[in-house]
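J.: Contents of my_file14.txt (compact mmCIF, C-alpha atoms and all ligand atoms) are below:
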# COMPACT_ATOMS: atom_id res chain seq x y z
CA MET A 1025 14.45 -96.49 16.64
CA GLN A 1026 15.28 -94.73 13.40
CA ASN A 1027 13.12 -91.75 12.49
CA PRO A 1028 10.89 -93.11 9.68
CA TYR A 1029 11.26 -89.81 7.83
CA THR A 1030 15.04 -90.18 7.54
CA PRO A 1031 15.88 -90.75 3.86
CA PRO A 1032 17.32 -94.20 3.10
CA ASP A 1033 20.93 -94.74 2.08
CA GLN A 1034 20.93 -95.04 -1.72
CA THR A 1035 24.68 -95.02 -2.28
CA ASP A 1036 24.66 -98.06 -4.54
CA LEU A 1037 21.27 -97.63 -6.14
CA VAL A 1038 21.28 -97.50 -9.93
CA ILE A 1039 18.01 -97.33 -11.87
CA GLU A 1040 17.98 -97.39 -15.66
CA ASP A 1041 21.67 -96.44 -15.71
CA LEU A 1042 21.08 -93.46 -13.42
CA ASN A 1043 23.20 -93.47 -10.29
CA ILE A 1044 20.55 -92.34 -7.79
CA GLY A 1045 23.07 -92.04 -4.94
CA GLU A 1046 25.13 -89.52 -6.88
CA VAL A 1047 22.11 -87.45 -7.84
CA VAL A 1048 20.81 -87.42 -4.27
CA ASP A 1049 24.24 -86.54 -2.85
CA SER A 1050 24.53 -83.68 -5.25
CA ILE A 1051 21.09 -82.31 -4.33
CA ARG A 1052 21.81 -82.65 -0.64
CA GLU A 1053 25.32 -81.18 -0.90
CA GLN A 1054 25.23 -78.44 -3.52
CA GLY A 1055 21.44 -78.05 -3.55
CA TYR A 1056 20.77 -79.26 -7.08
CA ALA A 1057 21.52 -81.86 -9.75
CA VAL A 1058 20.92 -82.02 -13.50
CA VAL A 1059 20.06 -85.30 -15.20
CA LYS A 1060 20.42 -85.23 -18.96
CA ASP A 1061 17.92 -87.02 -21.23
CA PHE A 1062 15.61 -87.85 -18.37
CA LEU A 1063 12.69 -88.07 -20.81
CA SER A 1064 13.01 -89.21 -24.42
CA GLN A 1065 11.95 -86.95 -27.26
CA PRO A 1066 8.97 -89.19 -28.15
CA ALA A 1067 7.81 -88.98 -24.51
CA ILE A 1068 8.18 -85.21 -24.55
CA ALA A 1069 6.24 -84.99 -27.82
CA THR A 1070 3.37 -87.12 -26.47
CA ILE A 1071 3.06 -85.17 -23.22
CA ARG A 1072 3.46 -81.84 -24.97
CA SER A 1073 0.65 -82.69 -27.35
CA ALA A 1074 -1.64 -83.65 -24.43
CA PHE A 1075 -0.70 -80.47 -22.58
CA ASN A 1076 -1.49 -78.44 -25.71
CA THR A 1077 -4.91 -79.99 -26.15
CA GLU A 1078 -6.15 -81.06 -22.69
CA VAL A 1079 -4.69 -78.54 -20.29
CA PRO A 1080 -5.93 -74.94 -20.27
CA ILE A 1081 -3.11 -72.50 -19.63
CA THR A 1082 -3.35 -68.96 -18.32
CA GLU A 1083 -1.25 -65.89 -17.69
CA MET A 1084 0.07 -65.92 -14.12
CA ARG A 1085 2.51 -63.38 -12.78
CA ALA A 1086 5.69 -65.03 -11.61
CA ILE A 1087 7.34 -63.79 -8.43
CA GLY A 1088 8.68 -60.28 -9.02
CA THR A 1089 7.60 -60.04 -12.68
CA GLU A 1090 5.00 -57.66 -14.08
CA THR A 1091 4.99 -58.40 -17.79
CA GLY A 1092 2.32 -61.07 -18.00
CA ARG A 1093 4.74 -63.05 -20.15
CA THR A 1094 4.60 -66.17 -18.00
CA TRP A 1095 1.88 -68.67 -18.82
CA ARG A 1096 1.08 -71.45 -16.42
CA ALA A 1097 -1.20 -74.36 -15.85
CA HIS A 1098 -1.45 -75.75 -12.33
CA ASN A 1099 -3.05 -78.88 -10.90
CA LEU A 1100 -2.03 -81.02 -13.85
CA LEU A 1101 -3.07 -84.34 -12.36
CA ALA A 1102 -6.69 -83.19 -12.38
CA LYS A 1103 -6.52 -82.34 -16.06
CA THR A 1104 -4.64 -85.02 -17.94
CA ARG A 1105 -3.40 -88.58 -17.50
CA ALA A 1106 -0.64 -87.96 -20.06
CA ALA A 1107 2.13 -87.38 -17.54
CA ASP A 1108 1.23 -90.09 -14.97
CA ALA A 1109 4.23 -92.17 -16.02
CA VAL A 1110 6.54 -89.25 -15.28
CA PHE A 1111 5.22 -88.96 -11.72
CA LEU A 1112 5.62 -92.70 -11.24
CA ASP A 1113 9.01 -92.94 -12.93
CA PRO A 1114 11.16 -95.08 -10.59
CA ARG A 1115 14.12 -92.69 -10.98
CA LEU A 1116 12.03 -89.70 -9.92
CA ARG A 1117 10.55 -91.69 -7.06
CA ALA A 1118 14.00 -92.80 -5.86
CA VAL A 1119 15.53 -89.31 -6.05
CA VAL A 1120 12.63 -87.77 -4.12
CA GLU A 1121 12.84 -90.55 -1.52
CA GLY A 1122 16.59 -90.02 -1.20
CA VAL A 1123 16.20 -86.31 -0.55
CA ILE A 1124 13.12 -86.13 1.71
CA GLY A 1125 12.41 -89.73 2.72
CA LYS A 1126 9.92 -92.37 1.74
CA TYR A 1127 6.90 -90.63 3.25
CA ASN A 1128 6.48 -88.03 0.55
CA GLN A 1129 3.61 -86.62 -1.50
CA ILE A 1130 2.99 -84.28 -4.38
CA ASN A 1131 3.04 -80.63 -3.45
CA VAL A 1132 2.54 -78.79 -6.77
CA THR A 1133 2.35 -79.74 -10.44
CA THR A 1134 2.77 -76.93 -12.95
CA LEU A 1135 3.47 -76.18 -16.55
CA PHE A 1136 5.71 -73.12 -16.81
CA ASN A 1137 5.93 -71.35 -20.10
CA THR A 1138 8.30 -68.40 -20.01
CA LEU A 1139 7.56 -66.32 -23.10
CA PRO A 1140 9.80 -63.90 -24.99
CA GLY A 1141 9.90 -60.60 -23.13
CA GLU A 1142 9.58 -62.09 -19.63
CA THR A 1143 11.91 -60.60 -17.03
CA LYS A 1144 13.96 -62.41 -14.39
CA GLN A 1145 12.08 -63.51 -11.30
CA LEU A 1146 13.17 -62.54 -7.80
CA LEU A 1147 15.42 -65.06 -6.11
CA HIS A 1148 13.28 -67.03 -3.69
CA GLN A 1149 13.09 -70.27 -1.70
CA ASP A 1150 10.13 -72.55 -2.35
CA ASP A 1151 10.20 -73.93 1.18
CA GLY A 1152 9.85 -70.41 2.63
CA LEU A 1153 6.06 -70.88 2.59
CA TRP A 1154 6.34 -73.10 5.65
CA PRO A 1155 7.68 -70.95 8.50
CA ILE A 1156 10.07 -73.56 9.87
CA PRO A 1157 13.26 -72.17 11.46
CA ARG A 1158 16.49 -72.82 9.53
CA PRO A 1159 18.54 -74.91 9.37
CA HIS A 1160 16.05 -77.73 9.02
CA PRO A 1161 16.12 -81.12 7.28
CA PRO A 1162 15.08 -81.04 3.62
CA PHE A 1163 11.30 -81.26 3.32
CA LEU A 1164 10.78 -80.20 -0.30
CA CYS A 1165 12.30 -81.70 -3.43
CA ASN A 1166 11.62 -80.01 -6.77
CA ALA A 1167 12.08 -81.12 -10.36
CA LEU A 1168 11.82 -79.00 -13.51
CA ILE A 1169 11.83 -80.96 -16.76
CA ALA A 1170 12.80 -79.03 -19.89
CA PHE A 1171 10.34 -79.43 -22.76
CA ASP A 1172 12.13 -76.77 -24.81
CA ASP A 1173 15.89 -76.37 -24.61
CA PHE A 1174 16.64 -74.09 -21.65
CA THR A 1175 19.23 -71.46 -22.62
CA LYS A 1176 20.62 -68.37 -20.94
CA ASP A 1177 18.65 -66.31 -23.46
CA ASN A 1178 15.23 -67.94 -23.13
CA GLY A 1179 15.18 -67.94 -19.34
CA ALA A 1180 17.09 -70.94 -17.99
CA THR A 1181 16.60 -71.20 -14.23
CA HIS A 1182 19.00 -69.30 -11.95
CA LEU A 1183 20.28 -71.21 -8.94
CA VAL A 1184 22.52 -70.15 -6.08
CA PRO A 1185 24.53 -73.31 -5.36
CA TYR A 1186 24.83 -74.32 -1.68
CA SER A 1187 22.32 -71.65 -0.63
CA HIS A 1188 19.88 -74.30 0.64
CA LYS A 1189 22.10 -74.52 3.72
CA TRP A 1190 22.14 -70.79 4.40
CA THR A 1191 20.12 -69.47 7.29
CA HIS A 1192 20.01 -65.83 6.14
CA PRO A 1193 18.00 -64.25 3.29
CA VAL A 1194 20.02 -63.48 0.17
CA ASP A 1195 20.56 -60.16 -1.50
CA GLN A 1196 18.90 -60.11 -4.93
CA ALA A 1197 22.32 -59.26 -6.41
CA THR A 1198 23.78 -62.57 -5.18
CA GLU A 1199 25.69 -64.38 -7.88
CA SER A 1200 23.80 -67.26 -9.48
CA ILE A 1201 24.39 -69.79 -12.20
CA GLN A 1202 21.94 -70.50 -15.00
CA ILE A 1203 21.04 -74.11 -15.72
CA GLU A 1204 21.20 -74.56 -19.46
CA MET A 1205 19.84 -77.95 -20.47
CA GLN A 1206 18.41 -79.63 -23.49
CA SER A 1207 14.84 -80.70 -23.96
CA GLY A 1208 14.22 -83.89 -21.97
CA SER A 1209 16.70 -83.03 -19.20
CA VAL A 1210 15.66 -82.30 -15.64
CA VAL A 1211 17.04 -80.12 -12.89
CA PHE A 1212 16.28 -81.14 -9.31
CA TRP A 1213 16.70 -78.75 -6.42
CA GLU A 1214 16.24 -78.87 -2.70
CA GLY A 1215 13.36 -76.67 -1.50
CA GLY A 1216 15.60 -74.35 0.50
CA MET A 1217 17.68 -73.41 -2.54
CA TRP A 1218 17.54 -69.77 -3.63
CA HIS A 1219 16.53 -69.71 -7.28
CA ALA A 1220 14.65 -67.73 -9.92
CA GLY A 1221 13.24 -68.21 -13.40
CA GLY A 1222 15.43 -66.35 -15.89
CA ALA A 1223 14.60 -63.53 -18.30
CA ASN A 1224 13.56 -64.55 -21.80
CA VAL A 1225 15.36 -62.07 -24.04
CA THR A 1226 14.76 -63.96 -27.28
CA ALA A 1227 12.41 -62.72 -29.96
CA ASN A 1228 10.50 -65.94 -30.44
CA GLN A 1229 11.69 -68.84 -28.27
CA GLU A 1230 9.29 -70.10 -25.65
CA ARG A 1231 10.70 -71.91 -22.60
CA MET A 1232 8.29 -74.58 -21.54
CA GLY A 1233 8.94 -76.85 -18.58
CA LEU A 1234 7.09 -79.30 -16.37
CA PHE A 1235 7.52 -78.52 -12.68
CA ILE A 1236 6.90 -81.22 -10.09
CA SER A 1237 7.35 -80.44 -6.42
CA HIS A 1238 7.25 -83.09 -3.68
CA GLN A 1239 7.14 -82.57 0.06
CA VAL A 1240 7.14 -84.71 3.18
CA SER A 1241 3.70 -86.23 3.61
CA TYR A 1242 2.96 -84.59 6.95
CA LEU A 1243 2.87 -81.05 5.57
CA ARG A 1244 -0.05 -79.29 3.93
CA PRO A 1245 0.68 -79.07 0.20
CA GLN A 1246 0.84 -75.67 -1.44
CA GLU A 1247 -1.71 -76.86 -3.98
CA ILE A 1248 -4.12 -78.97 -1.92
CA GLN A 1249 -4.18 -82.13 -4.00
CA LEU A 1250 -7.02 -83.67 -1.97
CA LEU A 1251 -9.26 -80.76 -2.89
CA ALA A 1252 -7.87 -79.84 -6.28
CA ILE A 1253 -8.35 -83.26 -7.88
CA PRO A 1254 -12.00 -84.35 -7.79
CA PRO A 1255 -12.48 -87.85 -6.24
CA GLU A 1256 -13.88 -89.22 -9.52
CA VAL A 1257 -10.63 -88.23 -11.22
CA VAL A 1258 -8.53 -89.72 -8.41
CA ARG A 1259 -10.45 -93.00 -8.84
CA SER A 1260 -9.16 -93.22 -12.41
CA MET A 1261 -5.54 -92.81 -11.34
CA PRO A 1262 -3.04 -95.58 -10.76
CA HIS A 1263 -3.03 -96.72 -7.13
CA LYS A 1264 0.49 -95.39 -6.44
CA LEU A 1265 -0.50 -91.99 -7.74
CA GLN A 1266 -3.56 -91.97 -5.47
CA ARG A 1267 -1.18 -92.42 -2.55
CA LEU A 1268 1.03 -89.63 -3.84
CA VAL A 1269 -1.78 -87.10 -3.98
CA GLY A 1270 -2.58 -87.66 -0.32
CA TYR A 1271 -4.69 -90.81 -0.02
CA HIS A 1272 -2.38 -92.31 2.56
CA THR A 1273 -3.08 -93.08 6.18
CA PHE A 1274 -1.80 -90.53 8.63
CA GLY A 1275 -2.05 -91.76 12.19
CA ILE A 1276 -5.49 -93.31 12.41
CA GLY A 1277 -6.68 -92.88 8.80
CA VAL A 1278 -10.39 -92.15 8.28
CA ASP A 1279 -12.27 -93.60 11.25
CA GLY A 1280 -9.71 -96.40 11.20
CA ARG A 1281 -10.05 -96.98 7.45
CA ASP A 1282 -7.56 -96.60 4.63
CA PRO A 1283 -8.40 -93.39 2.69
CA ILE A 1284 -8.23 -95.37 -0.56
CA ASP A 1285 -11.05 -97.64 0.69
CA VAL A 1286 -13.03 -94.54 1.58
CA LEU A 1287 -12.36 -93.18 -1.90
CA GLY A 1288 -13.72 -96.45 -3.30
CA ASP A 1289 -16.97 -96.71 -1.36
CA GLY A 1290 -17.49 -93.24 0.09
CA VAL A 1291 -18.14 -94.72 3.53
CA VAL A 1292 -16.60 -92.51 6.18
CA VAL A 1293 -18.08 -94.27 9.20
CA HIS A 1294 -16.42 -97.30 10.74
CA PRO A 1295 -18.56 -100.42 9.97
CA ASP A 1296 -19.00 -101.15 13.70
CA ALA A 1297 -19.93 -97.60 14.69
CA ARG A 1298 -23.50 -97.09 16.08
CA PRO A 1299 -25.22 -94.13 17.75
CA ALA A 1300 -24.20 -93.73 21.41
CA HIS A 1301 -27.55 -94.95 22.81
CA HIS A 1302 -26.93 -98.33 21.12
CA TRP A 1303 -23.67 -98.81 23.01
CA ARG A 1304 -25.12 -97.48 26.28
CA ARG A 1305 -27.92 -100.01 26.04
CA ARG A 1306 -25.44 -102.82 25.31
CA TYR A 1307 -23.27 -101.69 28.16
CA LYS A 1308 -26.19 -101.72 30.59
CA GLU A 1309 -27.39 -105.12 29.32
CA ASP A 1310 -23.90 -106.54 29.84
CA ALA A 1311 -23.64 -105.16 33.40
O1 LIG A 1401 10.76 -71.24 -14.22
C1 LIG A 1401 11.75 -71.42 -13.50
O2 LIG A 1401 12.87 -71.63 -13.95
C2 LIG A 1401 11.59 -71.36 -12.02
C3 LIG A 1401 10.22 -70.90 -11.66
C4 LIG A 1401 10.03 -70.57 -10.23
O3 LIG A 1401 10.86 -70.73 -9.39
C5 LIG A 1401 8.73 -70.03 -9.82
O4 LIG A 1401 7.91 -69.70 -10.68
O5 LIG A 1401 8.50 -69.89 -8.60
Here is a file; write its structure as structure tokens.
Ligand SMILES: O=C(O)CCC(=O)C(=O)O
T.:
Amino acid sequence: MQNPYTPPDQTDLVIEDLNIGEVVDSIREQGYAVVKDFLSQPAIATIRSAFNTEVPITEMRAIGTETGRTWRAHNLLAKTRAADAVFLDPRLRAVVEGVIGKYNQINVTTLFNTLPGETKQLLHQDDGLWPIPRPHPPFLCNALIAFDDFTKDNGATHLVPYSHKWTHPVDQATESIQIEMQSGSVVFWEGGMWHAGGANVTANQERMGLFISHQVSYLRPQEIQLLAIPPEVVRSMPHKLQRLVGYHTFGIGVDGRDPIDVLGDGVVVHPDARPAHHWRRRYKEDA
């Protein structure tokens, strides 16, 4: 029997003119892929406006930086519905499925704003949080969508191609490439890829991006979606998004019930369950 976590073959899959097989192959082989014009400018403008008004943002030190020039907002699905369509975009869904398999869920959702004066981050691997010996199959698939143009000067992401297959830690001086891309484009990378946010050496150009990380559904997410998004907010989400934030059965579900039904009625006890003395009595009566 095939392992259900094995990603499907998407060689011939094309969605909205995007050759999913090529993107997935590139992520699996070289560790990353860039898709130009993934979001249209009107879509970017709408989401940006919602992010500016609905989503509080705060200073958060990025890995290896001390300047306070990185602003972030985490847990976006709890705060706005403006980007739901991005999470459900069939191209994103297919790429994630191609890299880590169909049983996947959301790991982290973040707005990154790298401000002028920010320094380069340390090279790191996002999947290093889970202490799984390398080499291992891909279990994390990341996407960073450019809201501003990403340039070498304003902090375009550094990637070390092919490093997702390495089993040794890298030296911080390891050569990297910077992913320059225009607003609306996306860079995907496999979770084992060594990468770093770049330095923003401009005087006045912010570098805003939407980061979406997915993982296999049997791992604990870095940002616990089940806790971070209040149930009343989850109830207002599209059904597919509810599944993606963790309301999926895992083994037996919740007392045999689908977690989405439990979300709906709050009942966490199986309808046939009774206190033990009830069953003992029945058992004795039957004997
Ligand atoms: O902002 C980027 O380009 C990458 C950010 C990143 O890897 C991080 O903050 O951990």
J.: What does the list of residues within 9 Å of ligand LIG 1401 (chain A) look like if you count all atoms listed in the file, written as a compact mmCIF listing (two decimals) with C-alpha atoms, in the frame of the given file?
T.:
# COMPACT_ATOMS: atom_id res chain seq x y z
CA ARG A 1085 2.51 -63.38 -12.78
CA ALA A 1086 5.69 -65.03 -11.61
CA ILE A 1087 7.34 -63.79 -8.43
CA THR A 1094 4.60 -66.17 -18.00
CA PHE A 1136 5.71 -73.12 -16.81
CA ASN A 1137 5.93 -71.35 -20.10
CA THR A 1138 8.30 -68.40 -20.01
CA GLN A 1145 12.08 -63.51 -11.30
CA LEU A 1146 13.17 -62.54 -7.80
CA LEU A 1147 15.42 -65.06 -6.11
CA HIS A 1148 13.28 -67.03 -3.69
CA GLN A 1149 13.09 -70.27 -1.70
CA ASP A 1150 10.13 -72.55 -2.35
CA LEU A 1168 11.82 -79.00 -13.51
CA PHE A 1174 16.64 -74.09 -21.65
CA GLY A 1179 15.18 -67.94 -19.34
CA ALA A 1180 17.09 -70.94 -17.99
CA THR A 1181 16.60 -71.20 -14.23
CA HIS A 1182 19.00 -69.30 -11.95
CA LEU A 1183 20.28 -71.21 -8.94
CA ILE A 1203 21.04 -74.11 -15.72
CA TRP A 1218 17.54 -69.77 -3.63
CA HIS A 1219 16.53 -69.71 -7.28
CA ALA A 1220 14.65 -67.73 -9.92
CA GLY A 1221 13.24 -68.21 -13.40
CA GLY A 1222 15.43 -66.35 -15.89
CA ARG A 1231 10.70 -71.91 -22.60
CA MET A 1232 8.29 -74.58 -21.54
CA GLY A 1233 8.94 -76.85 -18.58
CA PHE A 1235 7.52 -78.52 -12.68
J.: If you measure from CA of Gly1280 in chain A to CA of Pro1255 in chain A, what distance in Å do you get, rounded to one decimal?
T.: 19.6 Å
J.: Quick one: of A:Arg1072, A:Arg1306, A:Arg1117, A:His1098, who's nearest to Met1084 in chain A, counting all atoms listed in the file?
T.: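 With all atoms listed in the file as the atom set, the closest residue is A:His1098.
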J.: Compare A:Ile1253, A:Val1038, A:Ala1227, A:Leu1234 by their minimum atom-to-atom distance to Pro1140 in chain A, counting only C-alpha atoms, and give me the closest one.
T.: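 Of the candidates, the smallest distance to Pro1140 in chain A is held by A:Ala1227.
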J.: Could you tell me how far CA of Ser1241 in chain A sits from CA of Tyr1127 in chain A, in Å to one decimal place?
T.: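 Interatomic distance, CA of Tyr1127 in chain A to CA of Ser1241 in chain A: 5.5 Å.
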J.: Quote the spacing between CA of Thr1089 in chain A and CA of Thr1134 in chain A in Å to one decimal place.
T.: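 Separating CA of Thr1089 in chain A from CA of Thr1134 in chain A is a distance of 17.6 Å.
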J.: Quick one: of A:Gly1208, A:Gly1288, A:Pro1283, A:Pro1262, who's nearest to Pro1066 in chain A, counting all atoms listed in the file?
T.: A:Gly1208
J.: From the set A:Thr1198, A:Ser1207, A:Asn1128, A:Asn1228, which residue has the shortest atom-to-atom contact distance to Cys1165 in chain A, counting all atoms listed in the file?
T.: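 Closest to Cys1165 in chain A, using all atoms listed in the file: A:Asn1128.
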J.: A:Val1257, A:Val1286, A:Ile1071, A:Val1123: which is nearest Val1047 in chain A, counting all atoms listed in the file?
T.: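 Distance minimum relative to Val1047 in chain A lands on A:Val1123.
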J.: Kindly indicate which residue among A:Ala1118, A:Thr1070, A:His1238, A:Ala1106 lies nearest to Gln1034 in chain A, using all atoms listed in the file for the distances.
T.: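 Among A:Ala1118, A:Thr1070, A:His1238, A:Ala1106, it is A:Ala1118 that comes nearest to Gln1034 in chain A.
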J.: Would you pick out the contacts of range 1108-1114 of chain A at 10 Å or less, using only C-alpha atoms, so that residues sharing its chain but fewer than 5 positions from it are not included, and give the list as a list of chain:residue names?
T.: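 Surrounding residues, per the criterion: A:Ile1039, A:Glu1040, A:Phe1062, A:Leu1063, A:Ala1067, A:Ile1071, A:Leu1100, A:Leu1101, A:Val1119, A:Val1120, A:Ile1130, A:Thr1133, A:Ile1169, A:Ile1236, A:Met1261, A:Pro1262, A:Lys1264, A:Leu1265, A:Leu1268.
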